[in-house]
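Have a look at model-v4.cif below; it lists mmCIF, N, CA and C atoms.
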data_work
loop_
_atom_site.label_atom_id
_atom_site.label_comp_id
_atom_site.auth_asym_id
_atom_site.auth_seq_id
_atom_site.Cartn_x
_atom_site.Cartn_y
_atom_site.Cartn_z
N GLN A 1 -10.56 -1.57 -18.61
CA GLN A 1 -9.11 -1.68 -18.48
C GLN A 1 -8.73 -1.65 -17.01
N LEU A 2 -7.95 -2.63 -16.59
CA LEU A 2 -7.52 -2.72 -15.20
C LEU A 2 -6.56 -1.58 -14.86
N GLN A 3 -6.81 -0.89 -13.76
CA GLN A 3 -5.97 0.24 -13.39
C GLN A 3 -5.97 0.43 -11.89
N LEU A 4 -4.81 0.78 -11.35
CA LEU A 4 -4.66 1.18 -9.95
C LEU A 4 -4.05 2.57 -9.93
N VAL A 5 -4.65 3.47 -9.17
CA VAL A 5 -4.17 4.85 -9.11
C VAL A 5 -3.98 5.25 -7.66
N GLU A 6 -2.73 5.58 -7.31
CA GLU A 6 -2.41 6.03 -5.96
C GLU A 6 -2.56 7.55 -5.86
N SER A 7 -2.91 8.01 -4.68
CA SER A 7 -2.97 9.45 -4.40
C SER A 7 -2.78 9.65 -2.91
N GLY A 8 -2.58 10.92 -2.54
CA GLY A 8 -2.49 11.26 -1.12
C GLY A 8 -1.09 11.53 -0.61
N GLY A 9 -0.10 11.36 -1.46
CA GLY A 9 1.26 11.64 -1.03
C GLY A 9 1.51 13.13 -0.88
N GLY A 10 2.67 13.46 -0.33
CA GLY A 10 3.01 14.87 -0.16
C GLY A 10 4.17 15.04 0.78
N LEU A 11 4.37 16.29 1.19
CA LEU A 11 5.43 16.64 2.12
C LEU A 11 4.83 16.80 3.51
N VAL A 12 5.42 16.15 4.50
CA VAL A 12 4.93 16.21 5.86
C VAL A 12 6.10 16.26 6.83
N GLN A 13 5.91 16.90 7.95
CA GLN A 13 6.97 16.98 8.95
C GLN A 13 7.06 15.67 9.74
N PRO A 14 8.21 15.38 10.30
CA PRO A 14 8.33 14.19 11.15
C PRO A 14 7.28 14.22 12.26
N GLY A 15 6.68 13.05 12.49
CA GLY A 15 5.61 12.96 13.46
C GLY A 15 4.23 13.19 12.88
N GLY A 16 4.17 13.65 11.65
CA GLY A 16 2.89 13.93 11.01
C GLY A 16 2.24 12.69 10.43
N SER A 17 1.11 12.92 9.75
CA SER A 17 0.31 11.83 9.20
C SER A 17 -0.07 12.11 7.75
N LEU A 18 -0.26 11.04 7.02
CA LEU A 18 -0.81 11.10 5.66
C LEU A 18 -1.69 9.87 5.46
N ARG A 19 -2.66 10.00 4.58
CA ARG A 19 -3.46 8.85 4.19
C ARG A 19 -3.35 8.67 2.68
N LEU A 20 -2.82 7.55 2.28
CA LEU A 20 -2.71 7.23 0.87
C LEU A 20 -3.94 6.45 0.42
N SER A 21 -4.34 6.69 -0.82
CA SER A 21 -5.46 5.96 -1.41
C SER A 21 -4.99 5.20 -2.64
N CYS A 22 -5.59 4.05 -2.85
CA CYS A 22 -5.33 3.24 -4.03
C CYS A 22 -6.69 2.92 -4.63
N ALA A 23 -7.05 3.63 -5.68
CA ALA A 23 -8.35 3.46 -6.32
C ALA A 23 -8.23 2.49 -7.49
N ALA A 24 -9.11 1.50 -7.51
CA ALA A 24 -9.07 0.49 -8.55
C ALA A 24 -10.19 0.69 -9.56
N SER A 25 -9.90 0.36 -10.79
CA SER A 25 -10.93 0.36 -11.84
C SER A 25 -10.69 -0.82 -12.75
N GLY A 26 -11.76 -1.33 -13.34
CA GLY A 26 -11.64 -2.46 -14.24
C GLY A 26 -11.67 -3.82 -13.57
N PHE A 27 -11.75 -3.83 -12.25
CA PHE A 27 -11.86 -5.10 -11.52
C PHE A 27 -12.41 -4.80 -10.13
N THR A 28 -12.88 -5.85 -9.46
CA THR A 28 -13.42 -5.71 -8.10
C THR A 28 -12.31 -5.95 -7.11
N LEU A 29 -11.92 -4.88 -6.46
CA LEU A 29 -10.73 -4.88 -5.62
C LEU A 29 -10.80 -5.90 -4.48
N GLN A 30 -11.98 -6.10 -3.91
CA GLN A 30 -12.08 -6.95 -2.72
C GLN A 30 -11.77 -8.41 -3.02
N ASN A 31 -11.73 -8.79 -4.29
CA ASN A 31 -11.46 -10.18 -4.64
C ASN A 31 -9.98 -10.52 -4.68
N TYR A 32 -9.13 -9.52 -4.44
CA TYR A 32 -7.69 -9.70 -4.53
C TYR A 32 -7.01 -9.19 -3.27
N ALA A 33 -5.82 -9.71 -3.01
CA ALA A 33 -4.98 -9.09 -1.99
C ALA A 33 -4.36 -7.83 -2.61
N ILE A 34 -4.34 -6.78 -1.83
CA ILE A 34 -3.77 -5.51 -2.26
C ILE A 34 -2.62 -5.14 -1.33
N GLY A 35 -1.50 -4.82 -1.93
CA GLY A 35 -0.32 -4.48 -1.14
C GLY A 35 0.14 -3.06 -1.38
N TRP A 36 0.76 -2.51 -0.36
CA TRP A 36 1.46 -1.23 -0.48
C TRP A 36 2.96 -1.51 -0.39
N PHE A 37 3.70 -0.90 -1.29
CA PHE A 37 5.14 -1.04 -1.35
C PHE A 37 5.76 0.35 -1.42
N ARG A 38 7.04 0.45 -1.14
CA ARG A 38 7.70 1.74 -1.27
C ARG A 38 9.12 1.53 -1.78
N GLN A 39 9.61 2.58 -2.43
CA GLN A 39 10.97 2.53 -2.95
C GLN A 39 11.63 3.89 -2.75
N ALA A 40 12.68 3.88 -1.94
CA ALA A 40 13.46 5.08 -1.70
C ALA A 40 14.59 5.15 -2.72
N PRO A 41 15.12 6.34 -2.98
CA PRO A 41 16.21 6.48 -3.96
C PRO A 41 17.39 5.56 -3.61
N GLY A 42 17.84 4.80 -4.59
CA GLY A 42 18.99 3.94 -4.39
C GLY A 42 18.71 2.65 -3.63
N LYS A 43 17.44 2.41 -3.32
CA LYS A 43 17.10 1.21 -2.55
C LYS A 43 16.12 0.34 -3.33
N ASP A 44 16.03 -0.91 -2.93
CA ASP A 44 15.09 -1.82 -3.54
C ASP A 44 13.67 -1.51 -3.07
N ARG A 45 12.71 -1.89 -3.92
CA ARG A 45 11.31 -1.76 -3.51
C ARG A 45 11.03 -2.75 -2.38
N GLU A 46 10.31 -2.30 -1.37
CA GLU A 46 10.04 -3.16 -0.22
C GLU A 46 8.55 -3.15 0.12
N GLY A 47 8.09 -4.25 0.66
CA GLY A 47 6.70 -4.36 1.07
C GLY A 47 6.46 -3.61 2.36
N VAL A 48 5.35 -2.90 2.42
CA VAL A 48 4.98 -2.11 3.59
C VAL A 48 3.79 -2.75 4.30
N SER A 49 2.74 -3.04 3.55
CA SER A 49 1.54 -3.59 4.15
C SER A 49 0.71 -4.28 3.08
N CYS A 50 -0.12 -5.21 3.52
CA CYS A 50 -0.99 -5.91 2.59
C CYS A 50 -2.28 -6.27 3.29
N ILE A 51 -3.38 -6.25 2.54
CA ILE A 51 -4.67 -6.70 3.04
C ILE A 51 -5.14 -7.83 2.14
N GLY A 52 -5.52 -8.94 2.75
CA GLY A 52 -5.94 -10.08 1.96
C GLY A 52 -7.27 -9.87 1.28
N SER A 53 -7.59 -10.75 0.33
CA SER A 53 -8.87 -10.64 -0.35
C SER A 53 -10.00 -10.72 0.68
N HIS A 54 -11.00 -9.91 0.47
CA HIS A 54 -12.15 -9.78 1.36
C HIS A 54 -11.81 -9.11 2.67
N GLY A 55 -10.58 -8.62 2.80
CA GLY A 55 -10.21 -7.70 3.86
C GLY A 55 -10.20 -8.24 5.27
N ILE A 56 -10.03 -9.54 5.43
CA ILE A 56 -10.07 -10.12 6.77
C ILE A 56 -8.72 -10.07 7.45
N SER A 57 -7.66 -10.30 6.69
CA SER A 57 -6.32 -10.38 7.27
C SER A 57 -5.43 -9.26 6.73
N THR A 58 -4.54 -8.79 7.59
CA THR A 58 -3.58 -7.76 7.20
C THR A 58 -2.18 -8.17 7.62
N LYS A 59 -1.20 -7.53 7.00
CA LYS A 59 0.21 -7.82 7.30
C LYS A 59 0.98 -6.53 7.17
N TYR A 60 1.98 -6.35 8.05
CA TYR A 60 2.78 -5.13 8.05
C TYR A 60 4.27 -5.47 8.15
N ALA A 61 5.07 -4.64 7.51
CA ALA A 61 6.51 -4.73 7.72
C ALA A 61 6.81 -4.30 9.15
N ASP A 62 7.85 -4.87 9.72
CA ASP A 62 8.20 -4.53 11.11
C ASP A 62 8.45 -3.04 11.28
N SER A 63 8.98 -2.41 10.25
CA SER A 63 9.34 -0.99 10.34
C SER A 63 8.14 -0.06 10.46
N VAL A 64 6.94 -0.55 10.13
CA VAL A 64 5.76 0.32 10.17
C VAL A 64 4.69 -0.18 11.14
N LYS A 65 4.91 -1.31 11.76
CA LYS A 65 3.91 -1.85 12.70
C LYS A 65 3.62 -0.85 13.80
N GLY A 66 2.34 -0.67 14.09
CA GLY A 66 1.94 0.27 15.13
C GLY A 66 1.82 1.70 14.65
N ARG A 67 2.30 1.99 13.44
CA ARG A 67 2.21 3.35 12.90
C ARG A 67 1.31 3.42 11.66
N PHE A 68 1.31 2.39 10.86
CA PHE A 68 0.53 2.37 9.62
C PHE A 68 -0.65 1.42 9.77
N THR A 69 -1.75 1.77 9.10
CA THR A 69 -2.94 0.92 9.10
C THR A 69 -3.49 0.83 7.68
N ILE A 70 -3.69 -0.39 7.22
CA ILE A 70 -4.27 -0.60 5.90
C ILE A 70 -5.74 -0.95 6.06
N SER A 71 -6.56 -0.45 5.13
CA SER A 71 -7.99 -0.74 5.18
C SER A 71 -8.55 -0.65 3.77
N ARG A 72 -9.77 -1.11 3.60
CA ARG A 72 -10.39 -1.02 2.28
C ARG A 72 -11.83 -0.57 2.41
N ASP A 73 -12.30 0.12 1.40
CA ASP A 73 -13.70 0.54 1.28
C ASP A 73 -14.23 -0.11 0.01
N ASN A 74 -14.96 -1.20 0.17
CA ASN A 74 -15.43 -1.94 -1.00
C ASN A 74 -16.39 -1.13 -1.85
N ALA A 75 -17.19 -0.30 -1.23
CA ALA A 75 -18.14 0.52 -1.99
C ALA A 75 -17.42 1.49 -2.92
N LYS A 76 -16.23 1.94 -2.49
CA LYS A 76 -15.46 2.88 -3.31
C LYS A 76 -14.38 2.16 -4.12
N ASN A 77 -14.29 0.85 -3.94
CA ASN A 77 -13.28 0.06 -4.65
C ASN A 77 -11.88 0.64 -4.42
N THR A 78 -11.60 0.97 -3.17
CA THR A 78 -10.39 1.69 -2.80
C THR A 78 -9.76 1.07 -1.55
N VAL A 79 -8.43 1.03 -1.54
CA VAL A 79 -7.67 0.63 -0.36
C VAL A 79 -6.90 1.84 0.15
N TYR A 80 -6.82 1.95 1.46
CA TYR A 80 -6.15 3.09 2.08
C TYR A 80 -4.95 2.63 2.90
N LEU A 81 -4.00 3.53 3.05
CA LEU A 81 -2.89 3.31 3.96
C LEU A 81 -2.79 4.56 4.83
N GLN A 82 -3.22 4.44 6.07
CA GLN A 82 -3.10 5.53 7.04
C GLN A 82 -1.72 5.45 7.66
N MET A 83 -0.97 6.53 7.53
CA MET A 83 0.41 6.56 8.02
C MET A 83 0.52 7.63 9.10
N ASN A 84 0.81 7.20 10.31
CA ASN A 84 0.98 8.11 11.45
C ASN A 84 2.40 8.07 11.95
N SER A 85 2.75 9.06 12.75
CA SER A 85 4.10 9.12 13.35
C SER A 85 5.17 8.93 12.29
N LEU A 86 5.04 9.65 11.21
CA LEU A 86 5.97 9.48 10.09
C LEU A 86 7.39 9.90 10.45
N LYS A 87 8.33 9.19 9.88
CA LYS A 87 9.75 9.42 10.12
C LYS A 87 10.43 9.75 8.79
N PRO A 88 11.57 10.42 8.84
CA PRO A 88 12.30 10.71 7.59
C PRO A 88 12.59 9.45 6.79
N GLU A 89 12.81 8.34 7.45
CA GLU A 89 13.11 7.10 6.73
C GLU A 89 11.90 6.50 6.03
N ASP A 90 10.73 7.08 6.23
CA ASP A 90 9.54 6.67 5.47
C ASP A 90 9.48 7.34 4.10
N THR A 91 10.37 8.27 3.85
CA THR A 91 10.40 8.96 2.57
C THR A 91 10.66 7.98 1.43
N ALA A 92 9.75 7.99 0.45
CA ALA A 92 9.85 7.05 -0.67
C ALA A 92 8.70 7.30 -1.62
N VAL A 93 8.76 6.67 -2.78
CA VAL A 93 7.60 6.58 -3.65
C VAL A 93 6.81 5.34 -3.21
N TYR A 94 5.53 5.54 -2.97
CA TYR A 94 4.66 4.46 -2.49
C TYR A 94 3.80 3.96 -3.65
N TYR A 95 3.74 2.65 -3.78
CA TYR A 95 2.98 2.00 -4.84
C TYR A 95 1.96 1.04 -4.25
N CYS A 96 0.82 0.90 -4.91
CA CYS A 96 -0.08 -0.19 -4.55
C CYS A 96 -0.08 -1.20 -5.71
N ALA A 97 -0.44 -2.42 -5.37
CA ALA A 97 -0.42 -3.49 -6.36
C ALA A 97 -1.43 -4.56 -5.97
N LYS A 98 -1.85 -5.37 -6.95
CA LYS A 98 -2.80 -6.45 -6.70
C LYS A 98 -2.18 -7.80 -7.05
N THR A 99 -2.67 -8.83 -6.38
CA THR A 99 -2.22 -10.17 -6.71
C THR A 99 -2.92 -10.67 -7.97
N GLU A 100 -2.41 -11.74 -8.53
CA GLU A 100 -2.97 -12.25 -9.78
C GLU A 100 -4.36 -12.83 -9.55
N GLY A 101 -4.55 -13.50 -8.43
CA GLY A 101 -5.84 -14.08 -8.12
C GLY A 101 -6.21 -13.79 -6.68
N SER A 102 -7.31 -14.40 -6.28
CA SER A 102 -7.76 -14.23 -4.91
C SER A 102 -6.72 -14.80 -3.95
N ARG A 103 -6.46 -14.08 -2.88
CA ARG A 103 -5.46 -14.52 -1.91
C ARG A 103 -5.92 -14.10 -0.54
N PHE A 104 -6.38 -15.06 0.23
CA PHE A 104 -6.91 -14.76 1.56
C PHE A 104 -5.83 -14.25 2.49
N LEU A 105 -4.66 -14.91 2.46
CA LEU A 105 -3.58 -14.52 3.36
C LEU A 105 -2.75 -13.41 2.71
N PRO A 106 -2.50 -12.32 3.42
CA PRO A 106 -1.71 -11.23 2.86
C PRO A 106 -0.24 -11.62 2.71
N THR A 107 0.43 -10.94 1.81
CA THR A 107 1.83 -11.22 1.52
C THR A 107 2.57 -9.92 1.22
N LEU A 108 3.85 -9.88 1.53
CA LEU A 108 4.68 -8.72 1.19
C LEU A 108 5.75 -9.09 0.16
N ARG A 109 5.56 -10.23 -0.48
CA ARG A 109 6.53 -10.69 -1.48
C ARG A 109 6.19 -10.05 -2.82
N LEU A 110 7.13 -9.30 -3.38
CA LEU A 110 6.89 -8.55 -4.61
C LEU A 110 6.41 -9.44 -5.74
N THR A 111 6.96 -10.64 -5.84
CA THR A 111 6.64 -11.50 -6.97
C THR A 111 5.21 -12.04 -6.93
N ASP A 112 4.51 -11.83 -5.83
CA ASP A 112 3.11 -12.25 -5.73
C ASP A 112 2.17 -11.25 -6.38
N PHE A 113 2.69 -10.09 -6.79
CA PHE A 113 1.85 -9.01 -7.30
C PHE A 113 2.11 -8.81 -8.79
N VAL A 114 1.03 -8.59 -9.53
CA VAL A 114 1.15 -8.56 -10.99
C VAL A 114 0.75 -7.24 -11.62
N SER A 115 0.01 -6.40 -10.91
CA SER A 115 -0.44 -5.13 -11.47
C SER A 115 -0.10 -4.03 -10.48
N TRP A 116 0.50 -2.97 -11.00
CA TRP A 116 1.02 -1.90 -10.15
C TRP A 116 0.48 -0.54 -10.58
N GLY A 117 0.34 0.34 -9.58
CA GLY A 117 0.02 1.72 -9.89
C GLY A 117 1.28 2.50 -10.26
N GLN A 118 1.11 3.80 -10.49
CA GLN A 118 2.22 4.63 -10.94
C GLN A 118 3.02 5.21 -9.78
N GLY A 119 2.49 5.13 -8.57
CA GLY A 119 3.20 5.60 -7.39
C GLY A 119 2.84 7.01 -6.98
N THR A 120 3.05 7.30 -5.70
CA THR A 120 2.85 8.64 -5.16
C THR A 120 4.00 8.93 -4.19
N GLN A 121 4.54 10.14 -4.29
CA GLN A 121 5.72 10.49 -3.50
C GLN A 121 5.32 10.90 -2.09
N VAL A 122 6.01 10.35 -1.11
CA VAL A 122 5.87 10.75 0.29
C VAL A 122 7.24 11.24 0.77
N THR A 123 7.26 12.48 1.25
CA THR A 123 8.49 13.06 1.75
C THR A 123 8.28 13.52 3.19
N VAL A 124 9.10 12.99 4.08
CA VAL A 124 9.01 13.35 5.50
C VAL A 124 10.26 14.15 5.85
N SER A 125 10.06 15.43 6.09
CA SER A 125 11.19 16.31 6.32
C SER A 125 10.74 17.55 7.07
N SER A 126 11.64 18.08 7.90
CA SER A 126 11.35 19.33 8.59
C SER A 126 11.89 20.51 7.79
#
How does this structure look as structure tokens?
Amino acid sequence: QLQLVESGGGLVQPGGSLRLSCAASGFTLQNYAIGWFRQAPGKDREGVSCIGSHGISTKYADSVKGRFTISRDNAKNTVYLQMNSLKPEDTAVYYCAKTEGSRFLPTLRLTDFVSWGQGTQVTVSS
């Protein structure tokens, strides 16, 4: 059964760091583009970062460039999102998702993704 499970969220002070994990089961993660998205209360879900199939290309939202890094560990069938210099406006539920098929070029368009995890809460507050 295809499944994506996010973990690693929590409460962190401004300027702190967290590493989110997206563990896949039921499929080989490296064959698909994997995206991270977030949704804050009262706001639309937005794309944060994406890594293309086979992990060659990455893409970031302007709001997180230089602070967040996406990577994958094929042996663990897991994608990570390293988040540094966190700000209160990064507070949201973070989701990972996969594209329907292989996609070399990363994308932050929600409609390109067909399978979603349950999300993990990230709260940045002093």
| field | Evaluate the PyMOL selection byres (((chain A and resi 25 and name CA) around 7) and name CA) and report residues as a PyMOL selection string | value | chain A and resi 2-4+23-24+26-27
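With CA of Val12 (chain A) on one side and CA of Gly119 (chain A) on the other, the separation reads 17.1 Å.
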| query | Which value, in Å to one decimal, gives the distance between atom C of Asn74 (chain A) and CA of Tyr95 (chain A)? | reply | 19.8 Å
| said: Selection in question (the file shown): the PyMOL selection byres ((chain A and resi 41) around 7). Which residues does it include, as a ChimeraX atom specification? | reply: /A:39-40,42-44,91-93
| query | Please, what distance in Å, to one decimal, runs between CA of Val114 (chain A) and CA of Leu18 (chain A)? | reply | 25.8 Å
| message | Which residues would end up in the selection if the PyMOL selection byres ((chain A and resi 61) around 6) were applied here, given that I need the answer as a list of chain:residue names? | response | A:Gly47, A:Val48, A:Ser49, A:Lys59, A:Tyr60, A:Asp62, A:Ser63, A:Val64, A:Lys65
| field | Spatial neighbours of region 76-89 of chain A, 6 Å, only N, CA and C atoms, chain gap at least 5 places, as a list in words | value | Gln13, Pro14, Gly15, Gly16, Ser17, Leu18, Arg19, Leu20, Ser21, Cys22, Ala23, Ala24, Leu29, Arg67, Phe68, Thr69, Ile70, Ser71, Val124 and Ser125 of chain A
| field | Closest of A:Ser102, A:Phe37, A:Ala75, A:Gly9 to Gly52 (chain A) - atom-to-atom distances counting only N, CA and C atoms | value |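 Smallest separation from Gly52 (chain A) among the options: A:Ser102.
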| message | For a quick check of understanding, using only N, CA and C atoms, which of A:Ala33, A:Leu11, A:Cys96, A:Leu108 has the smallest distance to Gln121 (chain A)? | response | A:Leu11
| Selected residue, from A:Gly55, A:Arg109, A:Gly10, A:Asn31, that lies nearest to Tyr94 (chain A) when counting only C-alpha atoms |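 Selected residue with least distance to Tyr94 (chain A): A:Gly10.
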| task | Could you tell me which of A:Ser115, A:Leu110, A:Val5, A:Phe104 comes closest to Ser57 (chain A) if we count only N, CA and C atoms? | result |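 Among A:Ser115, A:Leu110, A:Val5, A:Phe104, it is A:Phe104 that comes nearest to Ser57 (chain A).
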| If you run DSSP on this backbone, which residues of region 29-71 of chain A come out as strand (DSSP E or B), and could you give them as a ChimeraX atom specification? | /A:34-39,46-51,58-60,68-71
| query | Which residue, A:Ser53, A:Arg72, A:Asp90, A:Val122, has the smallest gap to Leu105 (chain A) when you use all atoms listed in the file? | reply | A:Ser53
Write out as AutoDock Vina command-line options an axis-aligned box for region 34-39 of chain A: all of its atoms listed in the file, 3 Å added on each side, centre and edge lengths in Å with one decimal.
--center_x 3.6 --center_y -1.4 --center_z -1.7 --size_x 22.0 --size_y 16.7 --size_z 8.6
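Each of A:Arg38, A:Thr28, A:Ile51, A:Glu46 was compared to Arg103 (chain A) using only N, CA and C atoms, and A:Ile51 turns out to be the nearest.
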| field | Ile34 (chain A) surroundings by all atoms listed in the file, 5 Å radius, close-in-sequence under 2 positions cut, as a PyMOL selection string | value | chain A and resi 32+36+50-51+97-98
From the coordinates supplied, region 24-34 of chain A should be written with all heavy atoms, as a JSON list (two decimals), in the first residue's frame.
[["chain", "number", "residue", "atom", "x", "y", "z"],
["A", 24, "ALA", "N", 8.62, 6.98, 2.75],
["A", 24, "ALA", "CA", 7.72, 6.37, 1.79],
["A", 24, "ALA", "C", 7.69, 4.86, 1.94],
["A", 24, "ALA", "O", 8.71, 4.23, 2.26],
["A", 24, "ALA", "CB", 8.16, 6.73, 0.37],
["A", 25, "SER", "N", 6.54, 4.29, 1.68],
["A", 25, "SER", "CA", 6.40, 2.83, 1.64],
["A", 25, "SER", "C", 5.45, 2.47, 0.51],
["A", 25, "SER", "O", 4.58, 3.26, 0.13],
["A", 25, "SER", "CB", 5.88, 2.28, 2.97],
["A", 25, "SER", "OG", 4.62, 2.84, 3.28],
["A", 26, "GLY", "N", 5.65, 1.29, -0.06],
["A", 26, "GLY", "CA", 4.79, 0.84, -1.14],
["A", 26, "GLY", "C", 5.22, 1.30, -2.52],
["A", 26, "GLY", "O", 4.58, 0.93, -3.51],
["A", 27, "PHE", "N", 6.27, 2.09, -2.59],
["A", 27, "PHE", "CA", 6.80, 2.52, -3.89],
["A", 27, "PHE", "C", 8.24, 2.99, -3.69],
["A", 27, "PHE", "O", 8.66, 3.27, -2.58],
["A", 27, "PHE", "CB", 5.94, 3.63, -4.51],
["A", 27, "PHE", "CG", 6.02, 4.95, -3.79],
["A", 27, "PHE", "CD1", 6.83, 5.97, -4.27],
["A", 27, "PHE", "CD2", 5.29, 5.18, -2.63],
["A", 27, "PHE", "CE1", 6.90, 7.18, -3.61],
["A", 27, "PHE", "CE2", 5.35, 6.38, -1.96],
["A", 27, "PHE", "CZ", 6.16, 7.39, -2.45],
["A", 28, "THR", "N", 8.97, 3.10, -4.80],
["A", 28, "THR", "CA", 10.36, 3.56, -4.75],
["A", 28, "THR", "C", 10.39, 5.06, -4.94],
["A", 28, "THR", "O", 10.12, 5.59, -6.02],
["A", 28, "THR", "CB", 11.19, 2.87, -5.84],
["A", 28, "THR", "OG1", 11.12, 1.45, -5.64],
["A", 28, "THR", "CG2", 12.65, 3.31, -5.76],
["A", 29, "LEU", "N", 10.72, 5.74, -3.87],
["A", 29, "LEU", "CA", 10.59, 7.19, -3.81],
["A", 29, "LEU", "C", 11.43, 7.90, -4.87],
["A", 29, "LEU", "O", 11.01, 8.92, -5.42],
["A", 29, "LEU", "CB", 10.97, 7.64, -2.39],
["A", 29, "LEU", "CG", 10.76, 9.08, -2.00],
["A", 29, "LEU", "CD1", 10.33, 9.15, -0.55],
["A", 29, "LEU", "CD2", 12.03, 9.87, -2.23],
["A", 30, "GLN", "N", 12.60, 7.38, -5.19],
["A", 30, "GLN", "CA", 13.50, 8.10, -6.08],
["A", 30, "GLN", "C", 12.96, 8.20, -7.51],
["A", 30, "GLN", "O", 13.47, 8.99, -8.30],
["A", 30, "GLN", "CB", 14.87, 7.44, -6.11],
["A", 30, "GLN", "CG", 14.89, 6.06, -6.72],
["A", 30, "GLN", "CD", 16.32, 5.53, -6.84],
["A", 30, "GLN", "OE1", 17.28, 6.28, -6.84],
["A", 30, "GLN", "NE2", 16.45, 4.22, -6.92],
["A", 31, "ASN", "N", 11.94, 7.42, -7.83],
["A", 31, "ASN", "CA", 11.38, 7.45, -9.18],
["A", 31, "ASN", "C", 10.37, 8.57, -9.40],
["A", 31, "ASN", "O", 9.84, 8.71, -10.51],
["A", 31, "ASN", "CB", 10.72, 6.11, -9.51],
["A", 31, "ASN", "CG", 11.74, 4.98, -9.60],
["A", 31, "ASN", "OD1", 12.91, 5.21, -9.89],
["A", 31, "ASN", "ND2", 11.28, 3.76, -9.34],
["A", 32, "TYR", "N", 10.10, 9.34, -8.35],
["A", 32, "TYR", "CA", 9.08, 10.38, -8.41],
["A", 32, "TYR", "C", 9.65, 11.70, -7.89],
["A", 32, "TYR", "O", 10.59, 11.71, -7.10],
["A", 32, "TYR", "CB", 7.88, 9.98, -7.57],
["A", 32, "TYR", "CG", 7.25, 8.69, -8.00],
["A", 32, "TYR", "CD1", 7.72, 7.48, -7.50],
["A", 32, "TYR", "CD2", 6.21, 8.67, -8.93],
["A", 32, "TYR", "CE1", 7.16, 6.27, -7.91],
["A", 32, "TYR", "CE2", 5.65, 7.48, -9.34],
["A", 32, "TYR", "CZ", 6.13, 6.28, -8.83],
["A", 32, "TYR", "OH", 5.58, 5.11, -9.25],
["A", 33, "ALA", "N", 9.05, 12.80, -8.32],
["A", 33, "ALA", "CA", 9.33, 14.07, -7.68],
["A", 33, "ALA", "C", 8.57, 14.10, -6.36],
["A", 33, "ALA", "O", 7.41, 13.68, -6.29],
["A", 33, "ALA", "CB", 8.90, 15.23, -8.56],
["A", 34, "ILE", "N", 9.23, 14.58, -5.33],
["A", 34, "ILE", "CA", 8.64, 14.69, -4.01],
["A", 34, "ILE", "C", 8.64, 16.15, -3.58],
["A", 34, "ILE", "O", 9.67, 16.82, -3.67],
["A", 34, "ILE", "CB", 9.42, 13.86, -2.97],
["A", 34, "ILE", "CG1", 9.49, 12.39, -3.41],
["A", 34, "ILE", "CG2", 8.77, 13.98, -1.60],
["A", 34, "ILE", "CD1", 8.16, 11.68, -3.49]]
